[in-house]
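Peer 1: Below is a structure I'd like to ask you about.
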Amino acid sequence: MNQPDMMLHLPGMERLAAIEASCQHSGMVENLGLILDSAEPGKVTYHYQLKARHVNHIGSLHGGIAATLADSAMAAAALTTLPPNEWITMTDLSIKFIRAVFALDETLTIEGRVDHAGKRMFATNSVILNSEGKIVARAMANAIRLKKDRC
């Protein structure tokens with residue numbers, strides 16, 4: 001059983017706090033190096049510093065990494081609204097890239113929000129901002145609510 005599965009008994013806000021407090025980040029969380037700045041029900045803010053391994057062939061932030069940053073923030077925002085024994089998974093993602101990020105010392109702010117939390121589906125959005133507060137990308141995604149017995 002992996003770490004998130006062992007926390008399903010916790011409400012979403014507590015689960016996110018427990019995941020963030022754990023020193024055993026894995027997968028994309030470890031790869032990205034996302035740092036949670038704030039969380040409240042339906043909204044999270046992360047910070048990310050551009051890494052050399054995340055740039056494309058022209059030296060800017062890779063679009064797939066930007067999409068992953070937005071996806072991670074939107075999923076975390078949805079997680080904060082869940083009761084115990086429920087999980088979510090994203091069903092689609094749309095992203096619009098507005099400006100490139102080239103500087104390896106650039107720290108981005110990634111905001112994720114829940115626009116609608118229905119009985120089965122969530123509508124979420126994300127914005128990625130550069131250190132000057134200018135928009136780098138905007139994203140929208142939907143997520144589906146999963147019960148413990150279906151996870």
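Ordering of the structure tokens sets the chain letters (A, B, ...), residue numbers begin anew at 1 in every chain, and ligands are numbered from 1 in the order given.
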If you count only C-alpha atoms, which residues fall within 8 Å of Ala73 of chain A, apart from same-chain ones fewer than 5 positions away, as an MDAnalysis selection string?

Peer 2: chainID A and resid 44:46 110:113 126

Peer 1: Please provide the set of residues having any atom within 8 Å of segment 26-35 of chain A, restricted to only C-alpha atoms, with same-chain residues fewer than 6 positions apart removed, written as a list in words.

Peer 2: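 These residues fall inside the cut-off: Tyr46, His47, Tyr48, Gln49 and Leu69 of chain A.
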
Peer 1: Might you pull out every residue within 12 Å of Glu106 of chain A, with only C-alpha atoms counted and same-chain residues fewer than 4 positions away left off, and present them as an NGL selection string?

Peer 2: :A and (47-52 or 60-61 or 100-102 or 129-133 or 136)

Peer 1: If you run DSSP on this backbone, which residues of chain A come out as alpha helix (DSSP H), and could you give them as a ChimeraX atom specification?

Peer 2: /A:3-6,12-21,27-32,63-79

Peer 1: Quick one: residues within 8 Å of Pro83 of chain A, only C-alpha atoms counted, chain neighbours fewer than 6 positions away excluded, as number ranges by chain?

Peer 2: A: 10-12

Peer 1: Select, from A:Glu20, A:Arg99, A:Pro84, A:Ala78, the residue with the minimum atom-to-atom distance to Ala123 of chain A, counting only C-alpha atoms.

Peer 2: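 Closest to Ala123 of chain A of all the choices is A:Ala78.
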
Peer 1: Tell me which of A:Leu146, A:Ala39, A:Leu82, A:Ile19 sits closest to Met7 of chain A, counting only C-alpha atoms.

Peer 2: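 Among the listed residues, the smallest separation from Met7 of chain A belongs to A:Ile19.
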
Peer 1: In Å, with one decimal, what is the gap from atom CA of Lys96 of chain A to atom CA of Ala76 of chain A?

Peer 2: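 So the answer is 20.0 Å.
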
Peer 1: Among chain A, which residues does DSSP mark as strand (DSSP E) when it is run on the backbone? Keep the chain and numbering as in the structure and answer as a VMD selection string.

Peer 2: chain A and resid 35 to 40 43 to 49 86 to 97 107 to 117 121 to 129 135 to 147

Peer 1: Need to verify the contact set: Asn85 of chain A, 7 Å, only C-alpha atoms, exclusion of same-chain residues closer than 4 positions in sequence. Can you return it as an MDAnalysis selection string?

Peer 2: chainID A and resid 8:9 147:148

Peer 1: Would you mind exporting the chosen residues as a PDB file, in the first residue's frame, restricted to N, CA and C atoms?

Peer 2:
```pdb
ATOM      1  N   LEU A   8      -6.172   7.568   3.332  1.00  0.00           N
ATOM      2  CA  LEU A   8      -7.535   7.756   2.837  1.00  0.00           C
ATOM      3  C   LEU A   8      -8.550   8.026   3.941  1.00  0.00           C
ATOM      4  N   HIS A   9      -8.255   7.595   5.150  1.00  0.00           N
ATOM      5  CA  HIS A   9      -9.186   7.801   6.264  1.00  0.00           C
ATOM      6  C   HIS A   9      -9.227   9.259   6.725  1.00  0.00           C
ATOM      7  N   LYS A 147     -14.637   6.797  -4.789  1.00  0.00           N
ATOM      8  CA  LYS A 147     -14.853   6.292  -3.424  1.00  0.00           C
ATOM      9  C   LYS A 147     -13.769   5.275  -3.116  1.00  0.00           C
ATOM     10  N   LYS A 148     -13.485   5.063  -1.846  1.00  0.00           N
ATOM     11  CA  LYS A 148     -12.411   4.158  -1.422  1.00  0.00           C
ATOM     12  C   LYS A 148     -12.550   2.780  -2.076  1.00  0.00           C
TER      13      LYS A 148
END
```

Peer 1: Do a neighbour search on segment 139-143 of chain A at 12 Å with only C-alpha atoms, toss out local chain neighbours closer than 5 positions, and write the hits as a PyMOL selection string.

Peer 2: chain A and resi 63+66-79+87-98+110-129

Peer 1: Rounded to one decimal in Å, what is the spacing between atom CA of Pro41 of chain A and atom CA of Ile135 of chain A?

Peer 2: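 Atom CA of Ile135 of chain A lies 23.4 Å from atom CA of Pro41 of chain A.
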
Peer 1: Have a look at atom CA of Ala17 of chain A and atom CA of Ile65 of chain A and let me know their distance in Å, one decimal.

Peer 2: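 Computing it gives 23.6 Å between the two atoms.
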
Peer 1: Go through A:Arg145, A:Lys134, A:Asp105, A:Gly42 and flag the residue nearest Thr81 of chain A, using only C-alpha atoms for the distances.

Peer 2: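 Closest residue, counting only C-alpha atoms: A:Gly42.
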